[in-house]
file structure-v6.tsv (TSV, C-alpha atoms)
chain	number	residue	atom	x	y	z
A	1	MET	CA	34.15	-40.28	6.80
A	2	ALA	CA	30.83	-41.93	7.64
A	3	ARG	CA	30.34	-39.53	10.54
A	4	SER	CA	30.96	-36.55	8.24
A	5	ARG	CA	28.36	-37.85	5.77
A	6	PHE	CA	25.90	-38.35	8.63
A	7	LEU	CA	26.41	-34.77	9.84
A	8	ARG	CA	25.83	-33.36	6.33
A	9	LYS	CA	22.63	-35.38	5.97
A	10	PHE	CA	21.52	-34.35	9.45
A	11	ALA	CA	22.18	-30.69	8.64
A	12	LYS	CA	20.17	-30.93	5.41
A	13	ALA	CA	17.32	-32.89	6.95
A	14	VAL	CA	16.96	-31.13	10.31
A	15	LEU	CA	19.07	-28.04	10.87
A	16	ILE	CA	18.37	-26.18	7.62
A	17	PRO	CA	14.56	-26.60	7.82
A	18	ALA	CA	14.67	-25.69	11.54
A	19	ALA	CA	16.60	-22.52	10.72
A	20	GLY	CA	14.03	-21.66	8.06
A	21	LEU	CA	11.15	-22.17	10.49
A	22	ALA	CA	12.94	-20.09	13.12
A	23	ALA	CA	13.39	-17.30	10.57
A	24	LEU	CA	9.69	-17.44	9.70
A	25	ALA	CA	8.72	-17.37	13.37
A	26	TYR	CA	11.02	-14.37	13.90
A	27	THR	CA	9.05	-12.42	11.27
A	28	GLY	CA	5.82	-13.14	13.17
A	29	PHE	CA	4.40	-15.49	10.53
A	30	PRO	CA	1.63	-16.68	10.59
A	31	ALA	CA	0.38	-14.27	13.27
A	32	ARG	CA	1.77	-11.15	11.58
A	33	VAL	CA	2.19	-10.51	7.86
A	34	GLY	CA	2.94	-7.09	6.36
A	35	LEU	CA	3.17	-5.20	9.67
A	36	THR	CA	5.84	-4.50	12.23
A	37	ALA	CA	5.38	-5.88	15.73
A	38	SER	CA	4.54	-2.40	17.04
A	39	GLN	CA	1.92	-1.84	14.30
A	40	ALA	CA	0.28	-5.14	15.22
A	41	GLN	CA	0.06	-4.10	18.89
A	42	VAL	CA	-2.09	-1.03	18.19
A	43	SER	CA	-5.63	-1.48	19.48
A	44	ILE	CA	-8.35	-1.24	16.85
A	45	PRO	CA	-12.16	-1.29	17.20
A	46	GLY	CA	-13.40	-4.83	17.58
A	47	ASP	CA	-10.58	-5.94	19.89
A	48	LEU	CA	-12.89	-5.79	22.90
A	49	LEU	CA	-15.46	-8.13	21.36
A	50	LEU	CA	-13.20	-10.99	22.41
A	51	PRO	CA	-11.23	-9.48	25.31
A	52	THR	CA	-9.80	-12.86	26.34
A	53	ALA	CA	-8.74	-13.85	22.81
A	54	ALA	CA	-5.69	-16.07	23.08
A	55	VAL	CA	-4.75	-15.76	19.41
A	56	GLN	CA	-4.54	-12.74	17.15
A	57	GLY	CA	-3.50	-12.52	13.53
A	58	ASP	CA	-2.70	-9.31	11.68
A	59	ARG	CA	-2.24	-8.92	7.93
A	60	ALA	CA	-1.62	-5.69	6.02
A	61	VAL	CA	-0.72	-4.26	2.67
A	62	VAL	CA	-0.41	-0.70	1.39
A	63	VAL	CA	-2.29	0.07	-1.84
A	64	SER	CA	-2.02	3.21	-3.94
A	65	GLY	CA	-5.67	4.30	-3.61
A	66	THR	CA	-7.66	6.21	-1.02
A	67	PRO	CA	-9.81	4.50	1.63
A	68	GLU	CA	-12.83	5.28	-0.57
A	69	ASP	CA	-11.17	3.47	-3.49
A	70	VAL	CA	-10.31	0.44	-1.35
A	71	TRP	CA	-13.58	0.10	0.62
A	72	PRO	CA	-15.42	-2.18	-1.85
A	73	LEU	CA	-12.43	-4.52	-1.91
A	74	ALA	CA	-12.32	-4.66	1.88
A	75	LEU	CA	-15.95	-5.80	1.90
A	76	GLU	CA	-14.96	-8.81	-0.25
A	77	LEU	CA	-13.09	-10.22	2.75
A	78	GLN	CA	-16.38	-11.09	4.45
A	79	SER	CA	-16.99	-14.08	2.18
A	80	LEU	CA	-13.35	-15.21	2.41
A	81	TYR	CA	-13.47	-15.32	6.21
A	82	GLY	CA	-16.96	-16.83	6.20
A	83	ASP	CA	-15.51	-19.72	4.20
A	84	LEU	CA	-12.46	-20.02	6.49
A	85	PHE	CA	-14.62	-20.11	9.63
A	86	ASP	CA	-17.42	-22.12	8.00
A	87	SER	CA	-19.85	-19.56	9.43
A	88	GLU	CA	-21.73	-16.48	8.37
A	89	LEU	CA	-20.17	-13.23	9.54
A	90	ALA	CA	-22.39	-10.58	11.10
A	91	VAL	CA	-21.46	-6.92	10.85
A	92	VAL	CA	-20.85	-5.67	14.38
A	93	TYR	CA	-19.54	-2.21	13.52
A	94	ARG	CA	-19.29	-0.31	10.26
A	95	GLN	CA	-17.84	3.11	9.59
A	96	ALA	CA	-17.51	3.42	5.82
A	97	PRO	CA	-14.96	3.86	4.33
A	98	ASP	CA	-12.57	3.34	7.25
A	99	LEU	CA	-13.56	0.33	9.30
A	100	ILE	CA	-15.73	-2.76	9.41
A	101	VAL	CA	-15.85	-5.41	12.13
A	102	TRP	CA	-17.41	-8.84	11.67
A	103	GLU	CA	-18.11	-11.60	14.16
A	104	ALA	CA	-18.62	-15.25	13.25
A	105	VAL	CA	-22.30	-15.99	13.91
A	106	MET	CA	-21.60	-19.54	15.05
A	107	PRO	CA	-18.44	-20.73	16.80
A	108	ALA	CA	-16.24	-23.11	14.83
A	109	ARG	CA	-17.51	-26.54	15.76
A	110	ASP	CA	-16.26	-30.12	15.95
A	111	ASP	CA	-19.48	-32.03	15.22
A	112	ASP	CA	-17.80	-35.40	15.81
A	113	HIS	CA	-17.18	-34.45	19.44
A	114	ASP	CA	-20.16	-32.09	19.81
A	115	GLN	CA	-17.92	-29.23	21.00
A	116	ASP	CA	-17.37	-25.62	20.00
A	117	LEU	CA	-13.71	-25.02	19.13
A	118	PHE	CA	-13.32	-21.24	18.93
A	119	ARG	CA	-15.10	-17.91	18.41
A	120	ALA	CA	-13.69	-15.37	15.97
A	121	THR	CA	-13.86	-11.73	14.95
A	122	VAL	CA	-12.36	-9.93	11.96
A	123	ALA	CA	-11.74	-6.19	11.74
A	124	VAL	CA	-10.65	-4.41	8.56
A	125	ALA	CA	-9.23	-0.93	9.09
A	126	LEU	CA	-8.32	1.33	6.18
A	127	ARG	CA	-5.74	3.92	7.19
A	128	PRO	CA	-4.27	6.66	5.00
A	129	VAL	CA	-0.47	6.35	4.91
A	130	SER	CA	2.25	7.89	2.81
A	131	GLY	CA	1.72	6.57	-0.70
A	132	GLY	CA	-1.85	5.32	-0.29
A	133	THR	CA	-3.96	3.33	2.13
A	134	MET	CA	-2.96	0.56	4.51
A	135	ILE	CA	-5.48	-2.28	4.60
A	136	HIS	CA	-5.07	-3.77	8.08
A	137	VAL	CA	-6.95	-7.00	8.76
A	138	ARG	CA	-7.07	-8.27	12.33
A	139	GLU	CA	-8.42	-11.68	13.32
A	140	ARG	CA	-9.00	-12.55	16.97
A	141	TYR	CA	-9.74	-16.03	18.28
A	142	GLU	CA	-11.14	-17.12	21.64
A	143	ILE	CA	-10.36	-20.80	22.14
A	144	LEU	CA	-13.33	-22.69	23.61
A	145	ASP	CA	-11.99	-26.25	23.67
A	146	GLY	CA	-8.40	-26.85	24.83
A	147	VAL	CA	-6.35	-29.05	22.53
A	148	ARG	CA	-8.77	-29.34	19.60
A	149	GLY	CA	-9.54	-25.62	19.77
A	150	ARG	CA	-5.86	-24.67	19.75
A	151	PHE	CA	-5.16	-27.01	16.85
A	152	ALA	CA	-8.13	-25.72	14.82
A	153	THR	CA	-7.13	-22.11	15.53
A	154	SER	CA	-3.55	-22.81	14.43
A	155	VAL	CA	-4.74	-24.34	11.17
A	156	VAL	CA	-7.13	-21.46	10.44
A	157	LEU	CA	-4.49	-18.85	11.37
A	158	ALA	CA	-1.86	-20.38	9.07
A	159	THR	CA	-4.37	-20.83	6.23
A	160	SER	CA	-5.57	-17.28	6.70
A	161	ALA	CA	-2.02	-15.93	6.61
A	162	VAL	CA	-1.52	-17.36	3.14
A	163	VAL	CA	-5.01	-16.83	1.68
A	164	THR	CA	-5.62	-13.35	3.10
A	165	SER	CA	-2.14	-12.13	2.19
A	166	ALA	CA	-2.65	-13.32	-1.38
A	167	LYS	CA	-6.05	-11.59	-1.51
A	168	LEU	CA	-4.59	-8.34	-0.14
A	169	HIS	CA	-1.81	-8.38	-2.74
A	170	GLY	CA	-4.48	-8.98	-5.38
A	171	PHE	CA	-6.24	-5.86	-4.08
A	172	ARG	CA	-3.00	-3.94	-4.55
A	173	ARG	CA	-2.89	-4.98	-8.21
A	174	GLN	CA	-6.58	-4.16	-8.74
A	175	VAL	CA	-6.25	-0.66	-7.30
A	176	ALA	CA	-3.05	-0.05	-9.26
A	177	VAL	CA	-4.83	-0.71	-12.55
A	178	GLY	CA	-8.01	1.06	-11.45
A	179	GLN	CA	-10.30	-1.98	-11.47
A	180	ALA	CA	-11.86	-1.36	-8.08
A	181	LYS	CA	-15.42	-0.16	-8.57
A	182	ASN	CA	-16.48	2.13	-5.77
A	183	PRO	CA	-20.20	2.49	-5.02
A	184	LEU	CA	-19.43	5.48	-2.78
A	185	LYS	CA	-18.24	7.47	-5.82
A	186	ASP	CA	-20.79	6.16	-8.37
call {"tool": "encode", "arguments": {"input": "structure-v6.tsv", "output": "structure tokens"}}
result
Amino acid sequence: MARSRFLRKFAKAVLIPAAGLAALAYTGFPARVGLTASQAQVSIPGDLLLPTAAVQGDRAVVVSGTPEDVWPLALELQSLYGDLFDSELAVVYRQAPDLIVWEAVMPARDDDHDQDLFRATVAVALRPVSGGTMIHVRERYEILDGVRGRFATSVVLATSAVVTSAKLHGFRRQVAVGQAKNPLKD
């Protein structure tokens, strides 16, 4: 009887959460949200800025507008990632209204240990798909400092998965109700 109670508690405390985490990992979270594994493997401009990037995160959502409708929203991601990386983002490549690539001006830094942790790039590709436009955001991270760099990258990647996905779904709602103001059409 006591052993049975122990096993039930163990299952609730360890096995059920472990199964949930395994299911999340199977979906690719936090490295991949809103894309299939094969979609996330497609090379996009900006990938070669950090050819030895050890970590890559991809987020995507399909919105009902055209790339021209979505472009101003895509540009809003610059400030979001600037805040995540605690760095300004410089435009490396821009092909309106299809693609923009940013690079963090300064590497993420651990001032307490006087070490750079990682370098980062972000590419936003707008691709016409059936039913609208896919907003595909790709983050790439080159780890500069072993353990601290890996930890910092993991934290930023997980935070980005939640924050960026929420922002992308907000874009979907904005486009659906026609709130996106497009300077290319004005």
call {"tool": "atom_distance", "arguments": {"input": "structure-v6.tsv", "atom1": "CA of Asp69 in chain A", "atom2": "CA of Val156 in chain A"}}
result
28.8 Å
call {"tool": "closest_atom_pairs", "arguments": {"input": "structure-v6.tsv", "of": "range 132-151 of chain A", "to": "range 50-56 of chain A", "cutoff": "7 Å", "atoms": "all atoms listed in the file", "output": "Markdown table"}}
result
| residue | atom | partner | partner_atom | distance |
| --- | --- | --- | --- | --- |
| A:Glu139 | CA | A:Gln56 | CA | 5.6 |
| A:Arg140 | CA | A:Gln56 | CA | 4.5 |
| A:Tyr141 | CA | A:Val55 | CA | 5.1 |
| A:Glu142 | CA | A:Ala53 | CA | 4.2 |
| A:Ile143 | CA | A:Ala54 | CA | 6.7 |
call {"tool": "closest_residue", "arguments": {"input": "structure-v6.tsv", "among": "A:Val175, A:Leu157, A:Val42, A:Leu89", "to": "Thr121 in chain A", "atoms": "all atoms listed in the file"}}
result
A:Leu89
call {"tool": "atom_distance", "arguments": {"input": "structure-v6.tsv", "atom1": "CA of Leu77 in chain A", "atom2": "CA of Gln41 in chain A"}}
result
21.7 Å
call {"tool": "closest_atom_pairs", "arguments": {"input": "structure-v6.tsv", "of": "range 106-170 of chain A", "to": "range 72-76 of chain A", "cutoff": "12 Å", "atoms": "all atoms listed in the file", "output": "tab-separated table"}}
result
residue	atom	partner	partner_atom	distance
A:Val122	CA	A:Ala74	CA	11.4
A:Ala123	CA	A:Ala74	CA	10.0
A:Val124	CA	A:Ala74	CA	6.9
A:Ala125	CA	A:Ala74	CA	8.7
A:Leu126	CA	A:Ala74	CA	8.4
A:Thr133	CA	A:Ala74	CA	11.6
A:Met134	CA	A:Ala74	CA	11.0
A:Ile135	CA	A:Ala74	CA	7.7
A:His136	CA	A:Ala74	CA	9.6
A:Val137	CA	A:Ala74	CA	9.0
A:Thr164	CA	A:Glu76	CA	10.9
A:Lys167	CA	A:Glu76	CA	9.4
A:Leu168	CA	A:Ala74	CA	8.8
A:His169	CA	A:Leu73	CA	11.3
A:Gly170	CA	A:Leu73	CA	9.8
call {"tool": "atom_distance", "arguments": {"input": "structure-v6.tsv", "atom1": "CA of Trp71 in chain A", "atom2": "CA of Met106 in chain A"}}
result
25.7 Å
call {"tool": "axis_aligned_box", "arguments": {"input": "structure-v6.tsv", "around": "range 62-80 of chain A", "padding_each_side": "8 Å", "output": "AutoDock Vina command-line options"}}
result
--center_x -8.7 --center_y -4.5 --center_z 0.3 --size_x 32.6 --size_y 37.4 --size_z 24.4
call {"tool": "closest_residue", "arguments": {"input": "structure-v6.tsv", "among": "A:Arg138, A:Asp114, A:Tyr81, A:Phe171", "to": "Arg59 in chain A", "atoms": "only C-alpha atoms"}}
result
A:Arg138
call {"tool": "closest_residue", "arguments": {"input": "structure-v6.tsv", "among": "A:Asp58, A:Asp47, A:Glu103, A:Asp112", "to": "Gly82 in chain A", "atoms": "all atoms listed in the file"}}
result
A:Glu103
call {"tool": "decode", "arguments": {"input": "structure-v6.tsv", "residues": "range 148-180 of chain A", "atoms": "N, CA, C and O atoms", "output": "mmCIF file, in the first residue's frame"}}
result
data_model
loop_
_atom_site.group_PDB
_atom_site.id
_atom_site.type_symbol
_atom_site.label_atom_id
_atom_site.label_comp_id
_atom_site.auth_asym_id
_atom_site.auth_seq_id
_atom_site.Cartn_x
_atom_site.Cartn_y
_atom_site.Cartn_z
ATOM 1 N N ARG A 148 28.965 29.760 -19.581
ATOM 2 C CA ARG A 148 28.121 30.955 -19.401
ATOM 3 C C ARG A 148 27.456 31.353 -20.715
ATOM 4 O O ARG A 148 26.311 31.766 -20.748
ATOM 5 N N GLY A 149 28.173 31.229 -21.817
ATOM 6 C CA GLY A 149 27.607 31.548 -23.122
ATOM 7 C C GLY A 149 26.469 30.622 -23.500
ATOM 8 O O GLY A 149 25.432 31.056 -23.997
ATOM 9 N N ARG A 150 26.644 29.331 -23.243
ATOM 10 C CA ARG A 150 25.572 28.360 -23.529
ATOM 11 C C ARG A 150 24.353 28.630 -22.664
ATOM 12 O O ARG A 150 23.219 28.579 -23.133
ATOM 13 N N PHE A 151 24.582 28.910 -21.394
ATOM 14 C CA PHE A 151 23.464 29.191 -20.494
ATOM 15 C C PHE A 151 22.721 30.450 -20.939
ATOM 16 O O PHE A 151 21.500 30.457 -21.043
ATOM 17 N N ALA A 152 23.462 31.522 -21.229
ATOM 18 C CA ALA A 152 22.830 32.776 -21.653
ATOM 19 C C ALA A 152 22.052 32.578 -22.952
ATOM 20 O O ALA A 152 20.932 33.075 -23.107
ATOM 21 N N THR A 153 22.628 31.834 -23.886
ATOM 22 C CA THR A 153 21.947 31.564 -25.154
ATOM 23 C C THR A 153 20.670 30.775 -24.919
ATOM 24 O O THR A 153 19.628 31.062 -25.520
ATOM 25 N N SER A 154 20.713 29.786 -24.038
ATOM 26 C CA SER A 154 19.515 28.990 -23.730
ATOM 27 C C SER A 154 18.405 29.851 -23.145
ATOM 28 O O SER A 154 17.240 29.702 -23.509
ATOM 29 N N VAL A 155 18.779 30.756 -22.253
ATOM 30 C CA VAL A 155 17.781 31.640 -21.636
ATOM 31 C C VAL A 155 17.176 32.567 -22.685
ATOM 32 O O VAL A 155 15.952 32.721 -22.760
ATOM 33 N N VAL A 156 18.021 33.169 -23.523
ATOM 34 C CA VAL A 156 17.515 34.078 -24.560
ATOM 35 C C VAL A 156 16.659 33.318 -25.565
ATOM 36 O O VAL A 156 15.601 33.794 -25.977
ATOM 37 N N LEU A 157 17.079 32.121 -25.960
ATOM 38 C CA LEU A 157 16.317 31.329 -26.930
ATOM 39 C C LEU A 157 14.937 30.974 -26.393
ATOM 40 O O LEU A 157 13.931 31.111 -27.100
ATOM 41 N N ALA A 158 14.861 30.527 -25.139
ATOM 42 C CA ALA A 158 13.565 30.179 -24.550
ATOM 43 C C ALA A 158 12.688 31.419 -24.386
ATOM 44 O O ALA A 158 11.481 31.380 -24.678
ATOM 45 N N THR A 159 13.276 32.518 -23.934
ATOM 46 C CA THR A 159 12.517 33.764 -23.782
ATOM 47 C C THR A 159 12.008 34.230 -25.131
ATOM 48 O O THR A 159 10.848 34.609 -25.286
ATOM 49 N N SER A 160 12.872 34.179 -26.116
ATOM 50 C CA SER A 160 12.502 34.584 -27.467
ATOM 51 C C SER A 160 11.370 33.725 -28.020
ATOM 52 O O SER A 160 10.481 34.232 -28.707
ATOM 53 N N ALA A 161 11.418 32.431 -27.752
ATOM 54 C CA ALA A 161 10.367 31.545 -28.260
ATOM 55 C C ALA A 161 8.995 32.006 -27.793
ATOM 56 O O ALA A 161 8.039 32.047 -28.560
ATOM 57 N N VAL A 162 8.907 32.399 -26.542
ATOM 58 C CA VAL A 162 7.623 32.831 -25.981
ATOM 59 C C VAL A 162 7.268 34.233 -26.456
ATOM 60 O O VAL A 162 6.174 34.475 -26.980
ATOM 61 N N VAL A 163 8.196 35.174 -26.313
ATOM 62 C CA VAL A 163 7.917 36.579 -26.622
ATOM 63 C C VAL A 163 7.688 36.785 -28.119
ATOM 64 O O VAL A 163 6.735 37.448 -28.530
ATOM 65 N N THR A 164 8.567 36.227 -28.945
ATOM 66 C CA THR A 164 8.437 36.415 -30.391
ATOM 67 C C THR A 164 7.179 35.724 -30.914
ATOM 68 O O THR A 164 6.473 36.275 -31.756
ATOM 69 N N SER A 165 6.897 34.534 -30.429
ATOM 70 C CA SER A 165 5.684 33.845 -30.874
ATOM 71 C C SER A 165 4.443 34.652 -30.521
ATOM 72 O O SER A 165 3.521 34.773 -31.338
ATOM 73 N N ALA A 166 4.412 35.219 -29.330
ATOM 74 C CA ALA A 166 3.272 36.056 -28.937
ATOM 75 C C ALA A 166 3.162 37.281 -29.850
ATOM 76 O O ALA A 166 2.066 37.658 -30.280
ATOM 77 N N LYS A 167 4.296 37.896 -30.149
ATOM 78 C CA LYS A 167 4.310 39.076 -31.027
ATOM 79 C C LYS A 167 3.819 38.703 -32.425
ATOM 80 O O LYS A 167 3.022 39.422 -33.030
ATOM 81 N N LEU A 168 4.281 37.564 -32.956
ATOM 82 C CA LEU A 168 3.860 37.127 -34.285
ATOM 83 C C LEU A 168 2.352 36.852 -34.334
ATOM 84 O O LEU A 168 1.681 37.201 -35.303
ATOM 85 N N HIS A 169 1.831 36.251 -33.281
ATOM 86 C CA HIS A 169 0.377 36.004 -33.242
ATOM 87 C C HIS A 169 -0.391 37.310 -33.113
ATOM 88 O O HIS A 169 -1.498 37.447 -33.640
ATOM 89 N N GLY A 170 0.205 38.289 -32.442
ATOM 90 C CA GLY A 170 -0.397 39.626 -32.401
ATOM 91 C C GLY A 170 -0.420 40.253 -33.784
ATOM 92 O O GLY A 170 -1.394 40.910 -34.169
ATOM 93 N N PHE A 171 0.637 40.028 -34.567
ATOM 94 C CA PHE A 171 0.672 40.521 -35.942
ATOM 95 C C PHE A 171 -0.478 39.908 -36.749
ATOM 96 O O PHE A 171 -1.118 40.579 -37.549
ATOM 97 N N ARG A 172 -0.716 38.611 -36.527
ATOM 98 C CA ARG A 172 -1.796 37.935 -37.243
ATOM 99 C C ARG A 172 -3.125 38.635 -36.971
ATOM 100 O O ARG A 172 -3.909 38.884 -37.876
ATOM 101 N N ARG A 173 -3.364 38.959 -35.705
ATOM 102 C CA ARG A 173 -4.621 39.652 -35.351
ATOM 103 C C ARG A 173 -4.673 41.043 -35.979
ATOM 104 O O ARG A 173 -5.707 41.463 -36.481
ATOM 105 N N GLN A 174 -3.549 41.780 -35.940
ATOM 106 C CA GLN A 174 -3.527 43.127 -36.514
ATOM 107 C C GLN A 174 -3.825 43.110 -38.005
ATOM 108 O O GLN A 174 -4.600 43.933 -38.491
ATOM 109 N N VAL A 175 -3.217 42.197 -38.735
ATOM 110 C CA VAL A 175 -3.443 42.122 -40.175
ATOM 111 C C VAL A 175 -4.882 41.708 -40.460
ATOM 112 O O VAL A 175 -5.527 42.234 -41.364
ATOM 113 N N ALA A 176 -5.404 40.790 -39.640
ATOM 114 C CA ALA A 176 -6.772 40.313 -39.855
ATOM 115 C C ALA A 176 -7.794 41.435 -39.726
ATOM 116 O O ALA A 176 -8.785 41.460 -40.441
ATOM 117 N N VAL A 177 -7.541 42.385 -38.836
ATOM 118 C CA VAL A 177 -8.496 43.493 -38.669
ATOM 119 C C VAL A 177 -8.051 44.746 -39.413
ATOM 120 O O VAL A 177 -8.654 45.798 -39.278
ATOM 121 N N GLY A 178 -6.974 44.617 -40.215
ATOM 122 C CA GLY A 178 -6.545 45.715 -41.068
ATOM 123 C C GLY A 178 -5.900 46.874 -40.357
ATOM 124 O O GLY A 178 -5.952 48.010 -40.814
ATOM 125 N N GLN A 179 -5.249 46.621 -39.208
ATOM 126 C CA GLN A 179 -4.632 47.704 -38.449
ATOM 127 C C GLN A 179 -3.206 47.999 -38.867
ATOM 128 O O GLN A 179 -2.645 48.998 -38.459
ATOM 129 N N ALA A 180 -2.614 47.145 -39.678
ATOM 130 C CA ALA A 180 -1.229 47.386 -40.071
ATOM 131 C C ALA A 180 -1.181 48.539 -41.058
ATOM 132 O O ALA A 180 -1.819 48.510 -42.093
#
